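Visitor: I'm passing along model_26.cif; it holds mmCIF, C-alpha atoms.
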data_final
#
loop_
_atom_site.label_atom_id
_atom_site.label_comp_id
_atom_site.auth_asym_id
_atom_site.auth_seq_id
_atom_site.Cartn_x
_atom_site.Cartn_y
_atom_site.Cartn_z
CA MET A 1 0.61 3.60 -15.13
CA ASN A 2 -1.73 0.98 -16.49
CA GLU A 3 -4.62 2.41 -18.48
CA LYS A 4 -6.01 -0.72 -20.10
CA PRO A 5 -9.10 -2.18 -18.44
CA VAL A 6 -8.16 -5.09 -16.20
CA ILE A 7 -9.60 -8.56 -16.78
CA LEU A 8 -9.12 -11.34 -14.26
CA ILE A 9 -9.25 -14.85 -15.72
CA VAL A 10 -10.04 -17.54 -13.17
CA ASP A 11 -9.64 -21.10 -14.40
CA ASP A 12 -7.70 -24.09 -13.11
CA VAL A 13 -6.93 -25.43 -16.61
CA PRO A 14 -3.84 -23.73 -18.10
CA THR A 15 -4.96 -24.30 -21.69
CA ASN A 16 -8.22 -22.44 -21.07
CA VAL A 17 -6.40 -19.53 -19.45
CA GLN A 18 -3.99 -19.42 -22.36
CA ILE A 19 -6.80 -19.34 -24.96
CA LEU A 20 -8.65 -16.56 -23.12
CA ALA A 21 -5.48 -14.55 -22.47
CA ASN A 22 -4.37 -14.85 -26.09
CA CYS A 23 -7.57 -13.36 -27.43
CA LEU A 24 -7.75 -10.54 -24.87
CA LYS A 25 -4.16 -9.57 -24.04
CA ASP A 26 -3.75 -6.96 -26.78
CA ASN A 27 -6.58 -4.78 -25.49
CA TYR A 28 -6.68 -5.60 -21.81
CA HIS A 29 -4.40 -5.95 -18.84
CA ILE A 30 -4.77 -9.63 -17.96
CA LYS A 31 -4.52 -11.10 -14.50
CA VAL A 32 -4.76 -14.81 -13.78
CA ALA A 33 -5.92 -16.92 -10.85
CA THR A 34 -6.10 -20.70 -10.92
CA ASP A 35 -8.40 -21.07 -7.93
CA GLY A 36 -11.14 -19.23 -6.08
CA LEU A 37 -9.07 -18.08 -3.13
CA ARG A 38 -6.41 -16.53 -5.32
CA CYS A 39 -9.21 -14.81 -7.27
CA LEU A 40 -10.53 -13.18 -4.08
CA GLU A 41 -6.97 -12.21 -3.14
CA LEU A 42 -6.36 -10.49 -6.49
CA VAL A 43 -9.71 -8.73 -6.40
CA ALA A 44 -8.78 -7.17 -3.08
CA ALA A 45 -5.52 -5.81 -4.53
CA THR A 46 -5.07 -2.89 -6.90
CA PRO A 47 -5.75 -2.43 -9.72
CA THR A 48 -9.22 -3.83 -9.12
CA PRO A 49 -10.40 -5.90 -12.09
CA ASP A 50 -12.97 -4.32 -14.40
CA LEU A 51 -14.33 -7.74 -15.29
CA ILE A 52 -13.88 -11.35 -14.16
CA LEU A 53 -14.04 -14.40 -16.41
CA LEU A 54 -14.86 -17.16 -13.97
CA ASP A 55 -14.79 -20.91 -14.40
CA ILE A 56 -17.27 -22.92 -12.32
CA GLU A 57 -15.68 -26.32 -11.82
CA MET A 58 -12.52 -25.69 -9.85
CA PRO A 59 -10.87 -27.56 -6.98
CA GLY A 60 -11.67 -26.08 -3.58
CA MET A 61 -13.99 -23.10 -3.85
CA ASP A 62 -16.08 -23.40 -7.03
CA GLY A 63 -17.04 -20.52 -9.29
CA TYR A 64 -20.55 -20.17 -7.85
CA GLU A 65 -19.13 -19.70 -4.36
CA VAL A 66 -16.54 -17.21 -5.62
CA CYS A 67 -19.32 -15.26 -7.32
CA GLN A 68 -21.38 -15.26 -4.12
CA GLN A 69 -18.42 -13.94 -2.14
CA LEU A 70 -17.83 -11.20 -4.70
CA LYS A 71 -21.47 -10.11 -4.70
CA LYS A 72 -21.64 -10.07 -0.88
CA ASN A 73 -18.75 -7.63 -0.60
CA PRO A 74 -19.73 -3.97 -1.24
CA VAL A 75 -16.25 -3.29 -2.64
CA THR A 76 -16.43 -6.03 -5.28
CA GLN A 77 -20.15 -6.44 -5.92
CA ASN A 78 -20.12 -4.16 -8.96
CA ILE A 79 -17.38 -6.02 -10.79
CA PRO A 80 -19.09 -7.80 -13.69
CA VAL A 81 -18.63 -11.56 -13.67
CA ILE A 82 -18.93 -13.72 -16.78
CA PHE A 83 -19.02 -17.44 -16.20
CA VAL A 84 -16.95 -19.39 -18.74
CA THR A 85 -17.75 -23.01 -18.16
CA ALA A 86 -18.31 -26.47 -19.55
CA ASN A 87 -21.59 -26.69 -17.60
CA ASP A 88 -24.07 -26.20 -20.40
CA GLN A 89 -27.35 -27.16 -18.73
CA GLU A 90 -30.11 -24.58 -18.54
CA GLU A 91 -30.24 -24.79 -14.73
CA ASP A 92 -26.49 -24.14 -14.47
CA GLU A 93 -26.82 -21.00 -16.53
CA GLU A 94 -29.89 -19.91 -14.59
CA LYS A 95 -28.04 -20.40 -11.30
CA GLY A 96 -25.04 -18.43 -12.54
CA LEU A 97 -27.17 -15.51 -13.68
CA GLN A 98 -29.21 -15.57 -10.48
CA LEU A 99 -26.00 -15.27 -8.48
CA GLY A 100 -25.34 -11.98 -10.23
CA ALA A 101 -23.21 -12.88 -13.25
CA VAL A 102 -23.77 -10.58 -16.22
CA ASP A 103 -23.22 -13.30 -18.80
CA TYR A 104 -22.65 -17.02 -19.23
CA ILE A 105 -20.38 -18.49 -21.88
CA THR A 106 -20.12 -22.22 -22.47
CA LYS A 107 -16.99 -24.11 -23.46
CA PRO A 108 -15.44 -24.93 -25.84
CA ILE A 109 -14.23 -21.35 -25.90
CA ARG A 110 -14.92 -19.50 -29.12
CA PRO A 111 -12.47 -16.58 -28.99
CA SER A 112 -14.47 -14.21 -31.20
CA ILE A 113 -17.59 -14.66 -29.04
CA VAL A 114 -15.62 -14.15 -25.84
CA VAL A 115 -14.00 -10.99 -27.21
CA ALA A 116 -17.34 -9.58 -28.38
CA ARG A 117 -19.05 -10.23 -25.06
CA VAL A 118 -16.13 -8.99 -23.01
CA ASN A 119 -15.96 -5.79 -25.06
CA THR A 120 -19.66 -5.15 -24.49
CA HIS A 121 -19.49 -5.68 -20.75
CA ILE A 122 -16.30 -3.66 -20.36
CA THR A 123 -17.95 -0.76 -22.21
CA LEU A 124 -20.95 -0.96 -19.89
CA LYS A 125 -18.70 -1.20 -16.80
CA LEU A 126 -16.63 1.84 -17.78
CA GLN A 127 -19.78 3.84 -18.51
CA HIS A 128 -21.18 2.81 -15.14
CA ASP A 129 -17.94 3.89 -13.41
CA LYS A 130 -18.07 7.24 -15.18
CA LEU A 131 -21.69 7.84 -14.19
CA THR A 132 -20.95 6.86 -10.60
CA ALA A 133 -18.03 9.29 -10.48
CA MET A 134 -20.22 12.05 -11.94
CA ALA A 135 -22.95 11.36 -9.41
CA THR A 136 -20.62 11.48 -6.42
CA HIS A 137 -18.03 14.12 -7.37
CA ASP A 138 -18.05 17.83 -7.97
CA GLN A 139 -17.17 18.41 -11.62
CA LEU A 140 -15.16 21.59 -11.10
CA THR A 141 -12.98 20.61 -8.15
CA GLY A 142 -12.96 16.81 -8.31
CA LEU A 143 -13.85 16.61 -4.62
CA TYR A 144 -16.85 14.64 -3.45
CA ASN A 145 -20.19 16.39 -3.77
CA ARG A 146 -22.87 17.06 -1.17
CA HIS A 147 -24.82 13.99 -2.20
CA TYR A 148 -21.89 11.69 -1.48
CA LEU A 149 -21.16 13.46 1.80
CA PHE A 150 -24.58 12.57 3.15
CA ILE A 151 -24.37 8.95 1.95
CA SER A 152 -20.94 8.33 3.47
CA ALA A 153 -21.45 10.45 6.61
CA ASN A 154 -24.34 8.34 7.83
CA LYS A 155 -22.25 5.16 7.51
CA LYS A 156 -19.16 6.69 9.11
CA ILE A 157 -21.09 8.22 12.00
CA ALA A 158 -22.91 4.95 12.72
CA LYS A 159 -19.61 3.05 12.68
CA ALA A 160 -17.88 5.60 14.93
CA LYS A 161 -20.75 5.47 17.40
CA ARG A 162 -20.62 1.67 17.48
CA HIS A 163 -16.87 1.60 18.11
CA HIS A 164 -16.77 4.70 20.34
CA GLU A 165 -14.39 6.48 17.98
CA PRO A 166 -14.14 10.25 17.57
CA VAL A 167 -15.44 11.90 14.41
CA SER A 168 -14.75 15.55 13.65
CA PHE A 169 -16.15 17.86 11.05
CA ILE A 170 -14.66 20.94 9.42
CA MET A 171 -16.70 23.47 7.48
CA MET A 172 -14.80 26.15 5.59
CA ASP A 173 -15.66 29.04 3.38
CA ILE A 174 -13.48 31.16 1.09
CA ASP A 175 -13.42 34.75 2.40
CA HIS A 176 -14.80 37.47 0.10
CA PHE A 177 -15.23 35.03 -2.76
CA LYS A 178 -17.85 37.24 -4.37
CA HIS A 179 -15.24 39.98 -4.54
CA ILE A 180 -12.90 37.64 -6.46
CA ASN A 181 -15.62 36.71 -8.96
CA ASP A 182 -16.85 40.30 -9.37
CA ASN A 183 -13.41 41.85 -9.78
CA TYR A 184 -11.42 39.22 -11.63
CA GLY A 185 -14.14 37.19 -13.34
CA HIS A 186 -15.59 33.73 -12.89
CA PRO A 187 -12.70 31.89 -14.61
CA VAL A 188 -10.37 33.24 -11.90
CA GLY A 189 -12.98 32.30 -9.28
CA ASP A 190 -12.98 28.78 -10.67
CA ILE A 191 -9.18 28.59 -10.46
CA VAL A 192 -9.35 29.72 -6.84
CA LEU A 193 -11.89 27.00 -6.06
CA GLN A 194 -9.71 24.40 -7.76
CA LYS A 195 -6.56 25.51 -5.91
CA VAL A 196 -8.32 25.41 -2.56
CA ALA A 197 -9.76 21.98 -3.40
CA THR A 198 -6.31 20.70 -4.39
CA ILE A 199 -4.88 21.75 -1.02
CA ILE A 200 -7.75 20.06 0.79
CA GLU A 201 -7.29 16.91 -1.28
CA GLN A 202 -3.53 16.80 -0.79
CA GLN A 203 -3.80 17.24 2.96
CA SER A 204 -6.61 14.75 3.46
CA ARG A 205 -6.21 11.12 4.45
CA SER A 206 -7.75 8.50 2.20
CA GLU A 207 -10.48 7.82 4.77
CA ASP A 208 -11.51 11.50 5.03
CA VAL A 209 -14.51 12.71 3.06
CA ALA A 210 -13.66 16.09 1.59
CA ALA A 211 -16.58 17.60 -0.29
CA ARG A 212 -17.60 20.80 -2.00
CA PHE A 213 -20.68 21.69 -0.03
CA GLY A 214 -21.89 24.75 -1.86
CA GLY A 215 -20.51 27.58 -4.03
CA GLU A 216 -17.34 28.43 -2.11
CA GLU A 217 -18.00 26.24 0.88
CA PHE A 218 -16.17 22.98 1.61
CA VAL A 219 -16.50 20.37 4.33
CA ILE A 220 -14.23 17.61 5.58
CA LEU A 221 -15.53 14.69 7.62
CA LEU A 222 -12.71 13.12 9.60
CA ASP A 223 -13.21 9.79 11.28
CA HIS A 224 -10.77 8.61 13.99
CA CYS A 225 -10.01 12.28 14.58
CA SER A 226 -10.27 14.20 17.84
CA LEU A 227 -11.36 17.83 18.04
CA MET A 228 -7.78 18.91 18.77
CA ASP A 229 -6.43 17.07 15.72
CA ALA A 230 -9.19 18.52 13.56
CA GLN A 231 -8.38 22.02 14.80
CA PHE A 232 -4.70 21.42 13.97
CA LYS A 233 -5.69 20.19 10.53
CA ALA A 234 -7.94 23.17 9.86
CA GLU A 235 -5.16 25.53 10.90
CA LYS A 236 -2.83 23.78 8.47
CA TYR A 237 -5.37 24.19 5.63
CA ARG A 238 -5.75 27.85 6.55
CA GLN A 239 -2.02 28.52 6.41
CA LEU A 240 -1.48 26.61 3.16
CA ILE A 241 -4.38 28.34 1.42
CA GLU A 242 -3.16 31.76 2.53
CA ALA A 243 0.32 30.96 1.22
CA GLU A 244 -0.96 29.60 -2.13
CA ARG A 245 -1.86 32.96 -3.77
CA PRO A 246 -3.72 31.56 -6.79
CA GLU A 247 -3.39 33.86 -9.82
CA GLN A 248 -1.36 36.22 -7.59
CA HIS A 249 -4.37 36.95 -5.36
CA VAL A 250 -4.39 36.59 -1.61
CA VAL A 251 -7.07 34.05 -0.76
CA THR A 252 -8.07 33.21 2.78
CA CYS A 253 -10.63 30.91 4.36
CA SER A 254 -12.60 30.81 7.60
CA PHE A 255 -13.19 27.55 9.43
CA GLY A 256 -15.69 26.06 11.86
CA VAL A 257 -14.64 22.82 13.57
CA VAL A 258 -16.76 20.48 15.69
CA GLN A 259 -16.56 16.97 17.09
CA MET A 260 -19.41 14.51 17.03
CA ASN A 261 -21.26 14.07 20.28
CA PRO A 262 -20.00 10.72 21.76
CA GLU A 263 -23.60 9.46 22.02
CA GLY A 264 -23.94 9.90 18.28
CA GLU A 265 -25.18 12.79 16.22
CA ALA A 266 -26.81 13.19 12.83
CA ILE A 267 -24.83 14.79 10.04
CA ASP A 268 -27.38 17.63 9.89
CA SER A 269 -26.57 18.52 13.48
CA LEU A 270 -22.81 18.45 12.84
CA ILE A 271 -23.29 20.72 9.85
CA LYS A 272 -25.43 23.12 11.86
CA ARG A 273 -22.88 23.39 14.69
CA ALA A 274 -19.93 23.72 12.32
CA ASP A 275 -21.81 26.37 10.38
CA LEU A 276 -22.35 28.38 13.57
CA ALA A 277 -18.62 28.16 14.36
CA LEU A 278 -17.83 29.20 10.81
CA TYR A 279 -20.17 32.17 11.16
CA GLN A 280 -18.31 33.10 14.34
CA ALA A 281 -14.98 32.93 12.47
CA LYS A 282 -16.37 35.34 9.87
CA GLU A 283 -17.69 37.66 12.57
CA ASN A 284 -14.31 37.64 14.32
CA GLY A 285 -12.59 38.99 11.23
CA ARG A 286 -12.23 35.94 8.91
CA ASN A 287 -9.10 33.90 8.05
CA GLN A 288 -9.26 31.93 11.26
CA VAL A 289 -10.36 28.66 12.84
CA VAL A 290 -13.14 28.61 15.44
CA ILE A 291 -14.05 25.57 17.53
CA GLY A 292 -17.79 25.04 17.78
CA GLU A 293 -19.88 24.38 20.85
CA MET B 1 3.01 -1.21 -16.25
CA GLU B 2 6.69 -1.83 -16.80
CA GLN B 3 7.32 -3.25 -20.27
CA HIS B 4 10.00 -5.83 -20.67
CA LYS B 5 12.28 -5.27 -23.67
CA LYS B 6 13.59 -8.32 -25.45
CA PRO B 7 17.36 -8.56 -25.72
CA GLU B 8 18.43 -8.26 -29.35
CA SER B 9 19.50 -11.87 -29.85
CA VAL B 10 17.69 -14.83 -28.37
CA GLN B 11 20.96 -16.77 -28.29
CA GLN B 12 22.70 -14.07 -26.34
CA VAL B 13 24.19 -14.98 -23.00
CA LEU B 14 22.81 -12.52 -20.50
CA THR B 15 24.81 -10.68 -17.91
CA LYS B 16 24.09 -11.19 -14.25
CA GLU B 17 22.45 -7.77 -14.19
CA GLN B 18 20.21 -8.59 -17.17
CA ILE B 19 19.15 -11.87 -15.57
CA HIS B 20 18.50 -10.08 -12.32
CA ASP B 21 16.32 -7.50 -14.06
CA LEU B 22 14.34 -10.16 -15.94
CA LEU B 23 13.78 -12.20 -12.80
CA GLN B 24 12.69 -9.11 -10.92
CA VAL B 25 10.08 -8.31 -13.57
CA LEU B 26 8.87 -11.90 -13.51
CA ALA B 27 8.68 -12.07 -9.71
CA GLU B 28 6.70 -8.83 -9.60
CA LYS B 29 4.26 -10.06 -12.24
CA LEU B 30 3.84 -13.41 -10.50
CA GLN B 31 3.09 -11.78 -7.16
CA GLN B 32 0.59 -9.40 -8.72
CA GLY B 33 -1.13 -12.19 -10.65
CA ASP B 34 -0.28 -10.60 -14.01
CA TYR B 35 -0.49 -12.78 -17.08
CA ILE B 36 3.01 -13.48 -18.39
CA ASP B 37 3.47 -14.08 -22.08
CA THR B 38 6.37 -16.55 -21.96
CA ALA B 39 7.28 -15.72 -25.58
CA GLU B 40 8.45 -12.32 -24.33
CA PHE B 41 10.91 -13.99 -21.99
CA GLU B 42 12.33 -16.63 -24.35
CA SER B 43 15.79 -15.10 -24.07
CA ILE B 44 16.12 -16.25 -20.49
CA LYS B 45 16.08 -19.92 -21.51
CA THR B 46 19.43 -19.52 -23.22
CA GLY B 47 20.50 -16.69 -20.98
CA SER B 48 23.22 -18.59 -19.17
CA SER B 49 26.25 -20.53 -20.41
CA ASP B 50 25.80 -22.79 -17.40
CA ASN B 51 23.78 -25.87 -18.44
CA GLY B 52 22.42 -26.40 -14.94
CA LEU B 53 21.15 -22.86 -14.78
CA GLN B 54 19.68 -23.11 -18.29
CA ASN B 55 17.64 -26.07 -17.15
CA VAL B 56 16.37 -24.14 -14.16
CA PHE B 57 15.40 -21.25 -16.46
CA LYS B 58 13.51 -23.69 -18.71
CA GLN B 59 11.78 -25.14 -15.68
CA LEU B 60 10.81 -21.62 -14.61
CA MET B 61 9.28 -20.87 -18.00
CA GLU B 62 7.30 -24.12 -17.88
CA GLN B 63 5.96 -23.29 -14.43
CA ILE B 64 4.93 -19.86 -15.65
CA ALA B 65 3.24 -21.37 -18.72
CA GLN B 66 1.30 -23.66 -16.37
CA PHE B 67 0.34 -20.63 -14.19
CA ASP B 68 1.97 -22.30 -11.21
CA SER B 69 2.96 -19.03 -9.55
CA ASN B 70 4.06 -20.50 -6.23
CA ALA B 71 6.42 -22.96 -7.85
CA ALA B 72 7.74 -20.27 -10.18
CA LEU B 73 8.44 -17.91 -7.28
CA LYS B 74 10.30 -20.70 -5.48
CA THR B 75 12.37 -21.35 -8.60
CA ILE B 76 13.23 -17.66 -8.77
CA GLN B 77 14.38 -17.86 -5.17
CA ASN B 78 16.61 -20.81 -6.08
CA ILE B 79 18.11 -18.92 -9.00
CA GLU B 80 18.60 -15.97 -6.71
CA ALA B 81 20.62 -18.16 -4.38
CA GLN B 82 22.67 -19.64 -7.21
CA LEU B 83 23.47 -16.28 -8.74
CA ASN B 84 23.88 -14.55 -5.39
CA VAL B 85 21.43 -11.78 -6.28
CA THR B 86 18.42 -10.54 -4.37
CA ILE B 87 15.09 -10.30 -6.15
CA ASN B 88 12.74 -7.90 -4.45
CA PRO B 89 9.66 -7.31 -6.57
CA GLY B 90 9.10 -3.58 -7.02
CA GLN B 91 12.69 -2.61 -6.23
CA LYS B 92 15.77 -2.12 -8.34
CA GLU B 93 19.53 -2.19 -7.68
CA ASP B 94 19.68 -5.33 -5.64
CA ILE B 95 22.77 -6.92 -7.10
CA LYS B 96 24.93 -8.06 -4.20
#
Let's see the structure in the file written out as structure tokens.
Guide:
Amino acid sequence: MNEKPVILIVDDVPTNVQILANCLKDNYHIKVATDGLRCLELVAATPTPDLILLDIEMPGMDGYEVCQQLKKNPVTQNIPVIFVTANDQEEDEEKGLQLGAVDYITKPIRPSIVVARVNTHITLKLQHDKLTAMATHDQLTGLYNRHYLFISANKKIAKAKRHHEPVSFIMMDIDHFKHINDNYGHPVGDIVLQKVATIIEQQSRSEDVAARFGGEEFVILLDHCSLMDAQFKAEKYRQLIEAERPEQHVVTCSFGVVQMNPEGEAIDSLIKRADLALYQAKENGRNQVVIGE
Amino acid sequence: MEQHKKPESVQQVLTKEQIHDLLQVLAEKLQQGDYIDTAEFESIKTGSSDNGLQNVFKQLMEQIAQFDSNAALKTIQNIEAQLNVTINPGQKEDIK
């Protein structure tokens, strides 16, 4: 596993790449592209760069255009770009910064300056990533939080409506969770939440949005998923959770499952219908999956 | 990230398996766009007793130093054909 921050150097002159790589290779994982297209190719692959050092004058796509492409793409727009260029006119620098670059370094390359600036921007980038993760994830379980659910659900629902694709929604609640907390203590309750979350995470596809919705309540938004498939999935979660026995305790969950109305439906409405189905599952004796109206 | 270990002597003639492993690491790095410090792979230049192959290895190192990934990958394919080994980046045990 690679734990060093990744820096992508984009320059068509081998000597420049070599100078930059030499001063950064000890602390960073270095990737290299000698033209704009290869840069965009590498950015789309994993690991995603944490920072890009981008030359401007290159054959084919120049650095300005590469930067524009990066900033247009929601997946890459937050990768900091530092221009490293021989273009030392004020208007060049202004243009680079206006395109979204975080910094502008002029050649000849002074290694100590490059290292200092790169270190600063990498620190800021990693802090930004950490804050983003904290703002979108539940700290205890590592699943997405309610805030992220609403952000992503609106996009996924709009896309599914446009392409006439099915979207399903599962709401689940740990049965008698209060009993677990009251009788075995909150640390055990936390372990139960984490175990349930791990099962949800392991069984989810990368495109699913699995979130902790409230105390012991979880939701999973499944795009490209019919009601029947969602029911099957919920049943699988139910069985796995029942078999898990965290801290030697039998833990069960109740589930409400609904599919989005084909004409489109707001996330609030999906939640409301799934909640009613979940309530029905509880009423029917818990530890079961109920399909909503 | 897989770390390449230098063979003990830079003058050492490498076995077919050692060459295969080195080329596999290089091919993987080239495809992934990883920076390759050619100093770490010096041993490959003298890795063969065959002069023709030594020249190809030197050519490969020059292409890598020039960041000409496409040419370097083609050279690796040529070596692969000469040595009758298969280089599949990301996989091991491909000696024919």
Visitor: Contacts of A:Asn78 at 12 Å or less, counting all atoms listed in the file, minus same-chain residues fewer than 6 places along, as an MDAnalysis selection string?
Guide: chainID A and resid 43 48:52 67 70:72 100:102 121 124:126 128:129 132
Visitor: Within 9 Å of A:Asp190, counting all atoms listed in the file, which residues show up once you throw out same-chain ones fewer than 4 positions away? Write them as a list in words, please.
Guide: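 In the requested format, the answer is Leu140, Thr141, Asn181, Gly185, His186, Gln194 and Lys195 of chain A.
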Visitor: What does the distance between atom CA of A:His224 and atom CA of A:Leu149 come to in Å, to one decimal place?
Guide: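 It comes out at 16.7 Å.
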Visitor: The PyMOL selection byres ((chain B) within 8 of (chain A)) on the file shown: which residues, as a list in words?
Guide: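 Listing what the PyMOL selection byres ((chain B) within 8 of (chain A)) selects in the shown file: Met1, Gln32, Gly33, Asp34, Tyr35, Ala65, Gln66 and Phe67 of chain B.
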Visitor: So what do you get for atom CA of A:Val167 versus atom CA of A:Glu244, distance-wise?
Guide: 28.2 Å
Visitor: For the structure shown, which residues end up in the PyMOL selection byres ((chain B and resi 57) around 9)? Put them as a list in words, please?
Guide: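 Selected by the PyMOL selection byres ((chain B and resi 57) around 9) in this file: Ile44, Lys45, Thr46, Gly47, Ser48, Gly52, Leu53, Gln54, Asn55, Val56, Lys58, Gln59, Leu60, Met61, Glu62, Thr75, Ile76 and Ile79 of chain B.
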Visitor: Tell me which of B:Asp50, B:Glu17, B:Glu40, B:Glu28 sits closest to B:Ser69, counting all atoms listed in the file.
Guide: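 Ranking B:Asp50, B:Glu17, B:Glu40, B:Glu28 by distance to B:Ser69, first place goes to B:Glu28.
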Visitor: For A:Gln203, please output as a ChimeraX atom specification all residues within 9 Å (counting all atoms listed in the file; exclusion window: fewer than 4 positions along the same chain).
Guide: /A:198-199,233,236-237
Visitor: For this structure, which residues satisfy the selection - the PyMOL selection byres ((chain A and resi 281) around 12) - when it is evaluated on the file as given? I want them as a PDB file with C-alpha atoms, in the coordinates of the input.
Guide:
ATOM      1  CA  MET A 171     -16.700  23.470   7.480  1.00  0.00           C
ATOM      2  CA  MET A 172     -14.800  26.150   5.590  1.00  0.00           C
ATOM      3  CA  ASP A 173     -15.660  29.040   3.380  1.00  0.00           C
ATOM      4  CA  ILE A 174     -13.480  31.160   1.090  1.00  0.00           C
ATOM      5  CA  ASP A 175     -13.420  34.750   2.400  1.00  0.00           C
ATOM      6  CA  THR A 252      -8.070  33.210   2.780  1.00  0.00           C
ATOM      7  CA  CYS A 253     -10.630  30.910   4.360  1.00  0.00           C
ATOM      8  CA  SER A 254     -12.600  30.810   7.600  1.00  0.00           C
ATOM      9  CA  PHE A 255     -13.190  27.550   9.430  1.00  0.00           C
ATOM     10  CA  GLY A 256     -15.690  26.060  11.860  1.00  0.00           C
ATOM     11  CA  VAL A 257     -14.640  22.820  13.570  1.00  0.00           C
ATOM     12  CA  ALA A 274     -19.930  23.720  12.320  1.00  0.00           C
ATOM     13  CA  ASP A 275     -21.810  26.370  10.380  1.00  0.00           C
ATOM     14  CA  LEU A 276     -22.350  28.380  13.570  1.00  0.00           C
ATOM     15  CA  ALA A 277     -18.620  28.160  14.360  1.00  0.00           C
ATOM     16  CA  LEU A 278     -17.830  29.200  10.810  1.00  0.00           C
ATOM     17  CA  TYR A 279     -20.170  32.170  11.160  1.00  0.00           C
ATOM     18  CA  GLN A 280     -18.310  33.100  14.340  1.00  0.00           C
ATOM     19  CA  LYS A 282     -16.370  35.340   9.870  1.00  0.00           C
ATOM     20  CA  GLU A 283     -17.690  37.660  12.570  1.00  0.00           C
ATOM     21  CA  ASN A 284     -14.310  37.640  14.320  1.00  0.00           C
ATOM     22  CA  GLY A 285     -12.590  38.990  11.230  1.00  0.00           C
ATOM     23  CA  ARG A 286     -12.230  35.940   8.910  1.00  0.00           C
ATOM     24  CA  ASN A 287      -9.100  33.900   8.050  1.00  0.00           C
ATOM     25  CA  GLN A 288      -9.260  31.930  11.260  1.00  0.00           C
ATOM     26  CA  VAL A 289     -10.360  28.660  12.840  1.00  0.00           C
ATOM     27  CA  VAL A 290     -13.140  28.610  15.440  1.00  0.00           C
ATOM     28  CA  ILE A 291     -14.050  25.570  17.530  1.00  0.00           C
ATOM     29  CA  GLY A 292     -17.790  25.040  17.780  1.00  0.00           C
TER      30      GLY A 292
END
Visitor: Have a look at atom CA of A:Asp88 and atom CA of A:Leu24 and let me know their distance in Å, one decimal.
Guide: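 A separation of 23.1 Å between them.
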Visitor: Residues around (-10.1, 9.0, 3.3), cut-off 10 Å, counting all atoms listed in the file - what are they as JSON, numbers by chain?
Guide: {"A": [201, 204, 205, 206, 207, 208, 209, 210, 220, 221, 222, 223]}
Visitor: Considering all atoms listed in the file, can you say which of A:Asp26, A:Glu216, A:Asp182, A:Asp103 comes closest to A:Val196?
Guide: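 Closest to A:Val196 of all the choices is A:Glu216.
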Visitor: Let me make sure I understand: among A:Ile157, A:Ile271, A:Ala230, A:Leu131, which one has the smallest atom-to-atom distance to A:Phe213 if we use all atoms listed in the file?
Guide: A:Ile271
Visitor: Give the answer as one residue: which of A:Val81, A:Ala153, A:Ala160, A:Val75 has the shortest atom-to-atom distance to A:Asp268, using all atoms listed in the file?
Guide: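 Closest residue, counting all atoms listed in the file: A:Ala153.
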Visitor: Using all atoms listed in the file, which of the listed residues (A:Val114, A:Thr85, A:Tyr104, A:Val251) sits closest to A:His176?
Guide: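 Closest to A:His176 of all the choices is A:Val251.
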Visitor: Any chance you could model N, CA and C atoms for stretch 120-130 of chain A and send them as a CSV table (one decimal), in the coordinates of the input?
Guide:
chain,number,residue,atom,x,y,z
A,120,THR,N,-18.4,-5.8,-24.9
A,120,THR,CA,-19.7,-5.2,-24.5
A,120,THR,C,-19.7,-4.9,-23.0
A,121,HIS,N,-19.4,-5.8,-22.2
A,121,HIS,CA,-19.5,-5.7,-20.8
A,121,HIS,C,-18.4,-4.7,-20.2
A,122,ILE,N,-17.3,-4.6,-20.8
A,122,ILE,CA,-16.3,-3.7,-20.4
A,122,ILE,C,-16.8,-2.2,-20.7
A,123,THR,N,-17.4,-2.1,-21.9
A,123,THR,CA,-18.0,-0.8,-22.2
A,123,THR,C,-19.0,-0.3,-21.2
A,124,LEU,N,-19.9,-1.3,-20.9
A,124,LEU,CA,-21.0,-1.0,-19.9
A,124,LEU,C,-20.3,-0.6,-18.5
A,125,LYS,N,-19.3,-1.4,-18.1
A,125,LYS,CA,-18.7,-1.2,-16.8
A,125,LYS,C,-18.0,0.2,-16.7
A,126,LEU,N,-17.3,0.5,-17.8
A,126,LEU,CA,-16.6,1.8,-17.8
A,126,LEU,C,-17.6,3.0,-17.8
A,127,GLN,N,-18.7,2.8,-18.5
A,127,GLN,CA,-19.8,3.8,-18.5
A,127,GLN,C,-20.4,4.0,-17.1
A,128,HIS,N,-20.6,2.8,-16.5
A,128,HIS,CA,-21.2,2.8,-15.1
A,128,HIS,C,-20.2,3.5,-14.2
A,129,ASP,N,-18.9,3.2,-14.3
A,129,ASP,CA,-17.9,3.9,-13.4
A,129,ASP,C,-18.0,5.4,-13.6
A,130,LYS,N,-18.1,5.8,-14.9
A,130,LYS,CA,-18.1,7.2,-15.2
A,130,LYS,C,-19.3,7.9,-14.6
